[in-house]
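Take a look at the structure set out below.
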Amino acid sequence: MINMKDVYKTYANGVSALNGIDIDIDQGEFVYVVGPSGAGKSTFIRLIYREVRPTTGTVIIDDTDLSTLKKRKVPFLRRNVGVIFQDFKLLPKLSVYENIAFALEVIEESPRNIRKRVMDVLELVGLKNKARFIPDELSGGEQQRVSIARAIVNYPKIVIADEPTGNLDPDTSWGIMRIFEEINAKGTTLVMATHNKEIVNTVKKRVIAIEDGLIFRDEHRGDYGYEA
Ligand code: ADP
Ligand code: ADP
């Protein structure tokens with residue numbers, strides 16, 4: 001589902017963020033990406049939805065080679081890859097419903113299908129009763145649940161989360177993890193960069209540790225392995 005071969009990334013300012021990454025992640029896996037700040041985790045994550053392109057090497061997502069993917073095809077990739085950020089990135093003037101429906105309107109779904117799918121994902125994240133609220137009227141955890149609903153409303157094969165619990169308190173973070181496990185249990189591949197030691201050490205999954213732009217450790221049911 002996600003395959004990287006000999007991937008290097010040097011940014012325009014000369015910083016080498018990734019120095020030869022080889023990885024295979026199968027459909028349905030749940031993977032934590034851990035490592036110190038500046039190690040290259042975000043760069044690794046951003047390669048998967050082609051926010052970043054490798055300087056050399058290949059990135060293949062669901063049989064599509066991103067290094068040769070034409071710019072006009074990127075929206076098709078994004079339908080297969082849902083993305084969740086630490087800071088939610090919701091549109092502040094749109095309601096919860098509209099923030100989620102937006103992702104479907106751009107791909108010309110029928111209004112009836114849009115309504116059904118938005119209400120289905122709101123049910124999954126437990127926010128059906130807040131569909132008309134705007135983001136400012138919600139707590140941080142609720143906003144993150146909206147951003148999860150938005151990421152999964154297209155039924156993507158892959159969900160990417162870059163420090164999704166970074167701004168949330170521990171209780172709220174556990175709630176987010178329960179939703180991720182539910183999404184993963186339906187067969188969605190989940191890749192989550194995180195500094196949350198307690199979650200990684202409790203909800204055991206594959207752990208990929210990146211240090212200095214290299215895969216330093218790759219363990220089935222691994223540990224966080226750093227001080228929190
Ligand atoms: P992490 O997510 O592990 O903190 P990043 O992938 O964000 O690591 O960063 C890896 C390295 O690349 C760091 O040295 C960082 O400063 C640098 N970097 C990240 N993004 C950019 C960018 N857009 N331009 C230049 N350098 C960057
Ligand atoms: P938390 O305990 O997660 O920090 P808050 O105290 O921010 O949550 O919010 C608690 C509840 O109050 C949430 O369900 C949220 O939707 C609601 N709420 C918070 N601020 C507003 C507001 N300005 N208008 C309407 N509802 C709000």
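Starting from 1 in every chain, residues are counted up; chains themselves are A, B, ... following the order of the structure tokens, and ligands are numbered from 1 as listed.
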
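The protein and nucleic acid residues lying at most 10 Å from stretch 129-131 of chain A are Ser95, Val96, Tyr97, Glu98, Asn99, Ile100, Val118, Met119, Leu122, Glu123, Glu137, Leu138, Glu142 and Val146 of chain A, with only C-alpha atoms considered and sequence neighbours fewer than 5 positions away removed.
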
Using only N, CA, C and O atoms, please write the residues we just selected to a file, as a PDB file, in the first residue's frame.
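So the final result, stored in part.pdb, reads:
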```
ATOM      1  N   SER A  95     -19.603  25.616   9.020  1.00  0.00           N
ATOM      2  CA  SER A  95     -20.076  24.731  10.094  1.00  0.00           C
ATOM      3  C   SER A  95     -19.331  23.399  10.013  1.00  0.00           C
ATOM      4  O   SER A  95     -18.654  23.096   9.027  1.00  0.00           O
ATOM      5  N   VAL A  96     -19.501  22.620  11.074  1.00  0.00           N
ATOM      6  CA  VAL A  96     -18.950  21.264  11.107  1.00  0.00           C
ATOM      7  C   VAL A  96     -19.402  20.495   9.866  1.00  0.00           C
ATOM      8  O   VAL A  96     -18.596  19.894   9.147  1.00  0.00           O
ATOM      9  N   TYR A  97     -20.706  20.547   9.616  1.00  0.00           N
ATOM     10  CA  TYR A  97     -21.262  19.847   8.451  1.00  0.00           C
ATOM     11  C   TYR A  97     -20.577  20.302   7.161  1.00  0.00           C
ATOM     12  O   TYR A  97     -20.141  19.486   6.344  1.00  0.00           O
ATOM     13  N   GLU A  98     -20.480  21.615   7.005  1.00  0.00           N
ATOM     14  CA  GLU A  98     -19.904  22.156   5.758  1.00  0.00           C
ATOM     15  C   GLU A  98     -18.420  21.827   5.619  1.00  0.00           C
ATOM     16  O   GLU A  98     -17.936  21.571   4.512  1.00  0.00           O
ATOM     17  N   ASN A  99     -17.697  21.837   6.747  1.00  0.00           N
ATOM     18  CA  ASN A  99     -16.273  21.481   6.695  1.00  0.00           C
ATOM     19  C   ASN A  99     -16.080  20.075   6.134  1.00  0.00           C
ATOM     20  O   ASN A  99     -15.119  19.821   5.413  1.00  0.00           O
ATOM     21  N   ILE A 100     -16.991  19.189   6.469  1.00  0.00           N
ATOM     22  CA  ILE A 100     -16.865  17.799   6.025  1.00  0.00           C
ATOM     23  C   ILE A 100     -17.413  17.627   4.611  1.00  0.00           C
ATOM     24  O   ILE A 100     -16.798  16.984   3.759  1.00  0.00           O
ATOM     25  N   VAL A 118     -21.888  12.442   5.216  1.00  0.00           N
ATOM     26  CA  VAL A 118     -21.461  13.359   6.286  1.00  0.00           C
ATOM     27  C   VAL A 118     -22.088  12.918   7.611  1.00  0.00           C
ATOM     28  O   VAL A 118     -21.408  12.861   8.646  1.00  0.00           O
ATOM     29  N   MET A 119     -23.368  12.583   7.592  1.00  0.00           N
ATOM     30  CA  MET A 119     -24.017  12.183   8.844  1.00  0.00           C
ATOM     31  C   MET A 119     -23.444  10.848   9.353  1.00  0.00           C
ATOM     32  O   MET A 119     -23.280  10.662  10.559  1.00  0.00           O
ATOM     33  N   LEU A 122     -20.119  11.691  10.994  1.00  0.00           N
ATOM     34  CA  LEU A 122     -20.351  12.428  12.244  1.00  0.00           C
ATOM     35  C   LEU A 122     -20.809  11.476  13.346  1.00  0.00           C
ATOM     36  O   LEU A 122     -20.438  11.629  14.510  1.00  0.00           O
ATOM     37  N   GLU A 123     -21.594  10.483  12.955  1.00  0.00           N
ATOM     38  CA  GLU A 123     -22.006   9.458  13.908  1.00  0.00           C
ATOM     39  C   GLU A 123     -20.782   8.699  14.434  1.00  0.00           C
ATOM     40  O   GLU A 123     -20.618   8.502  15.635  1.00  0.00           O
ATOM     41  N   GLU A 137     -16.812  27.039  18.337  1.00  0.00           N
ATOM     42  CA  GLU A 137     -17.764  26.649  19.387  1.00  0.00           C
ATOM     43  C   GLU A 137     -17.469  25.257  19.939  1.00  0.00           C
ATOM     44  O   GLU A 137     -18.227  24.752  20.770  1.00  0.00           O
ATOM     45  N   LEU A 138     -16.409  24.647  19.466  1.00  0.00           N
ATOM     46  CA  LEU A 138     -16.085  23.279  19.883  1.00  0.00           C
ATOM     47  C   LEU A 138     -14.808  23.257  20.702  1.00  0.00           C
ATOM     48  O   LEU A 138     -13.930  24.108  20.541  1.00  0.00           O
ATOM     49  N   GLU A 142     -13.074  17.995  20.133  1.00  0.00           N
ATOM     50  CA  GLU A 142     -14.186  17.949  19.167  1.00  0.00           C
ATOM     51  C   GLU A 142     -13.718  18.426  17.798  1.00  0.00           C
ATOM     52  O   GLU A 142     -14.089  17.856  16.771  1.00  0.00           O
ATOM     53  N   VAL A 146     -13.787  16.429  14.206  1.00  0.00           N
ATOM     54  CA  VAL A 146     -14.308  16.938  12.926  1.00  0.00           C
ATOM     55  C   VAL A 146     -13.260  16.717  11.832  1.00  0.00           C
ATOM     56  O   VAL A 146     -13.576  16.280  10.720  1.00  0.00           O
TER      57      VAL A 146
END
```

Residues up to 10 Å from ligand 1, counting only C-alpha atoms and all ligand atoms: could you list those as a PyMOL selection string?
chain A and resi 9-18+33-47+52+162-163+193-195+209-213

As a ChimeraX atom specification, please: every protein or nucleic acid residue near ligand 2 (cut-off 10 Å, counting only C-alpha atoms and all ligand atoms).
/A:127,129-130,133-143,168-169,171-172

Given only C-alpha atoms as the counted atoms, nearest of A:Met1, A:Ile48, A:Leu124, A:Ile152 to A:Asp26:
A:Met1

So that I can check the secondary structure, give me every residue of stretch 4-226 of chain A assigned strand (DSSP E) by backbone DSSP, as a PyMOL selection string.
chain A and resi 4-10+16-25+30-34+56-61+64-65+81-85+158-162+189-193+206-211+214-219

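Considering the residues A:Tyr32, A:Arg112, A:Gly82, A:Leu104 and counting only C-alpha atoms, A:Tyr224 has its shortest atom-to-atom contact with A:Tyr32.
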
If you measure from atom CA of A:Ile61 to atom CA of A:Asn80, what distance in Å do you get, rounded to one decimal?
9.1 Å

Near A:Ile114, within 10 Å and counting only C-alpha atoms, which residues show up once chain neighbours fewer than 2 positions away are dropped, as JSON, numbers by chain?
{"A": [100, 101, 102, 103, 104, 105, 108, 109, 110, 111, 112, 116, 117, 118, 119, 120, 153, 154]}

With all heavy atoms kept, could you save the residues just selected as a compact mmCIF listing (two decimals), in the first residue's frame?
```
# COMPACT_ATOMS: atom_id res chain seq x y z
N ILE A 100 -16.99 19.19 6.47
CA ILE A 100 -16.86 17.80 6.03
C ILE A 100 -17.41 17.63 4.61
O ILE A 100 -16.80 16.98 3.76
CB ILE A 100 -17.57 16.86 7.02
CG1 ILE A 100 -16.94 17.01 8.40
CG2 ILE A 100 -17.50 15.41 6.56
CD1 ILE A 100 -17.77 16.42 9.52
N ALA A 101 -18.56 18.27 4.36
CA ALA A 101 -19.20 18.13 3.04
C ALA A 101 -18.32 18.70 1.93
O ALA A 101 -18.31 18.20 0.81
CB ALA A 101 -20.55 18.84 3.05
N PHE A 102 -17.56 19.72 2.27
CA PHE A 102 -16.65 20.38 1.34
C PHE A 102 -15.77 19.38 0.59
O PHE A 102 -15.61 19.45 -0.63
CB PHE A 102 -15.79 21.34 2.16
CG PHE A 102 -14.98 22.29 1.34
CD1 PHE A 102 -15.60 23.32 0.65
CD2 PHE A 102 -13.60 22.15 1.27
CE1 PHE A 102 -14.85 24.20 -0.11
CE2 PHE A 102 -12.84 23.03 0.51
CZ PHE A 102 -13.47 24.06 -0.18
N ALA A 103 -15.25 18.41 1.33
CA ALA A 103 -14.37 17.40 0.73
C ALA A 103 -15.09 16.57 -0.32
O ALA A 103 -14.47 16.05 -1.24
CB ALA A 103 -13.82 16.49 1.82
N LEU A 104 -16.41 16.46 -0.17
CA LEU A 104 -17.19 15.67 -1.14
C LEU A 104 -17.70 16.54 -2.27
O LEU A 104 -17.82 16.09 -3.41
CB LEU A 104 -18.39 15.03 -0.44
CG LEU A 104 -18.06 13.96 0.59
CD1 LEU A 104 -19.33 13.53 1.31
CD2 LEU A 104 -17.40 12.77 -0.08
N GLU A 105 -18.01 17.80 -1.97
CA GLU A 105 -18.56 18.68 -3.01
C GLU A 105 -17.55 18.87 -4.14
O GLU A 105 -17.92 18.91 -5.30
CB GLU A 105 -18.99 20.02 -2.42
CG GLU A 105 -20.39 19.90 -1.83
CD GLU A 105 -20.70 20.90 -0.73
OE1 GLU A 105 -19.89 21.81 -0.49
OE2 GLU A 105 -21.77 20.76 -0.12
N GLU A 108 -17.93 16.28 -6.69
CA GLU A 108 -19.22 16.22 -7.38
C GLU A 108 -20.08 15.01 -7.00
O GLU A 108 -20.67 14.36 -7.87
CB GLU A 108 -19.01 16.29 -8.91
CG GLU A 108 -18.47 17.64 -9.32
CD GLU A 108 -18.07 17.70 -10.79
OE1 GLU A 108 -18.32 16.72 -11.52
OE2 GLU A 108 -17.52 18.72 -11.19
N GLU A 109 -20.13 14.74 -5.71
CA GLU A 109 -21.08 13.75 -5.23
C GLU A 109 -22.49 14.35 -5.30
O GLU A 109 -22.65 15.57 -5.25
CB GLU A 109 -20.77 13.39 -3.77
CG GLU A 109 -19.72 12.33 -3.60
CD GLU A 109 -20.26 10.94 -3.95
OE1 GLU A 109 -21.48 10.77 -4.06
OE2 GLU A 109 -19.42 10.04 -4.13
N SER A 110 -23.52 13.50 -5.36
CA SER A 110 -24.89 14.02 -5.34
C SER A 110 -25.21 14.54 -3.93
O SER A 110 -24.69 14.01 -2.94
CB SER A 110 -25.88 12.91 -5.70
OG SER A 110 -25.96 11.99 -4.63
N PRO A 111 -26.07 15.57 -3.83
CA PRO A 111 -26.41 16.15 -2.52
C PRO A 111 -26.92 15.09 -1.54
O PRO A 111 -26.61 15.14 -0.34
CB PRO A 111 -27.51 17.16 -2.84
CG PRO A 111 -27.30 17.53 -4.27
CD PRO A 111 -26.72 16.30 -4.93
N ARG A 112 -27.66 14.13 -2.03
CA ARG A 112 -28.21 13.10 -1.18
C ARG A 112 -27.11 12.22 -0.58
O ARG A 112 -27.10 11.90 0.61
CB ARG A 112 -29.17 12.27 -2.01
CG ARG A 112 -30.16 11.58 -1.16
CD ARG A 112 -31.19 10.90 -2.01
NE ARG A 112 -31.50 9.67 -1.32
CZ ARG A 112 -32.01 8.62 -1.89
NH1 ARG A 112 -32.24 8.64 -3.19
NH2 ARG A 112 -32.27 7.56 -1.19
N LYS A 116 -25.83 11.86 3.42
CA LYS A 116 -25.76 10.54 4.08
C LYS A 116 -24.34 10.28 4.60
O LYS A 116 -24.16 9.86 5.74
CB LYS A 116 -26.18 9.46 3.09
CG LYS A 116 -25.78 8.05 3.46
CD LYS A 116 -27.01 7.16 3.61
CE LYS A 116 -26.70 5.73 4.05
NZ LYS A 116 -25.84 5.58 5.21
N ARG A 117 -23.36 10.56 3.75
CA ARG A 117 -21.99 10.25 4.16
C ARG A 117 -21.51 11.16 5.28
O ARG A 117 -20.81 10.72 6.19
CB ARG A 117 -21.07 10.28 2.95
CG ARG A 117 -21.24 9.00 2.14
CD ARG A 117 -20.67 9.08 0.76
NE ARG A 117 -19.22 9.11 0.79
CZ ARG A 117 -18.47 8.99 -0.30
NH1 ARG A 117 -19.04 8.82 -1.49
NH2 ARG A 117 -17.17 9.04 -0.21
N VAL A 118 -21.89 12.44 5.22
CA VAL A 118 -21.46 13.36 6.29
C VAL A 118 -22.09 12.92 7.61
O VAL A 118 -21.41 12.86 8.65
CB VAL A 118 -21.83 14.82 5.96
CG1 VAL A 118 -21.54 15.73 7.15
CG2 VAL A 118 -21.06 15.31 4.73
N MET A 119 -23.37 12.58 7.59
CA MET A 119 -24.02 12.18 8.84
C MET A 119 -23.44 10.85 9.35
O MET A 119 -23.28 10.66 10.56
CB MET A 119 -25.55 12.11 8.68
CG MET A 119 -26.21 13.48 8.48
SD MET A 119 -25.54 14.88 9.42
CE MET A 119 -26.40 14.74 10.98
N ASP A 120 -23.09 9.96 8.44
CA ASP A 120 -22.47 8.69 8.85
C ASP A 120 -21.13 8.92 9.57
O ASP A 120 -20.88 8.31 10.61
CB ASP A 120 -22.22 7.78 7.63
CG ASP A 120 -23.49 7.08 7.17
OD1 ASP A 120 -24.52 7.20 7.87
OD2 ASP A 120 -23.45 6.44 6.10
N VAL A 153 -14.26 10.87 5.14
CA VAL A 153 -15.58 10.90 4.48
C VAL A 153 -15.53 10.35 3.05
O VAL A 153 -16.53 9.89 2.52
CB VAL A 153 -16.20 12.32 4.55
CG1 VAL A 153 -15.49 13.27 3.59
CG2 VAL A 153 -17.69 12.27 4.31
N ASN A 154 -14.36 10.36 2.44
CA ASN A 154 -14.19 9.75 1.10
C ASN A 154 -13.88 8.26 1.18
O ASN A 154 -13.54 7.68 0.15
CB ASN A 154 -13.00 10.41 0.37
CG ASN A 154 -13.37 11.74 -0.21
OD1 ASN A 154 -14.50 11.94 -0.62
ND2 ASN A 154 -12.40 12.65 -0.24
```

Pick out the residues sitting within 8 Å of A:Lys5, and hand them over as a ChimeraX atom specification; count only C-alpha atoms, and ignore anything fewer than 2 positions along from it in its own chain.
/A:3,7,20-23,57-59

I need the residue nearest A:Met4 from this list: A:Val83, A:Thr56, A:Phe30, A:Met177. Use only C-alpha atoms for the distance.
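Using only C-alpha atoms, the shortest distance to A:Met4 belongs to A:Thr56.
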
Point-to-point distance from atom CA of A:Arg217 to atom CA of A:Gln27, Å rounded to tenths
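According to the coordinates, atom CA of A:Arg217 and atom CA of A:Gln27 are separated by 20.4 Å.
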
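Nearest to A:Ile158 of all the residues A:Lys70, A:Arg115, A:Lys186, A:Arg132 is A:Lys186, based on only C-alpha atoms.
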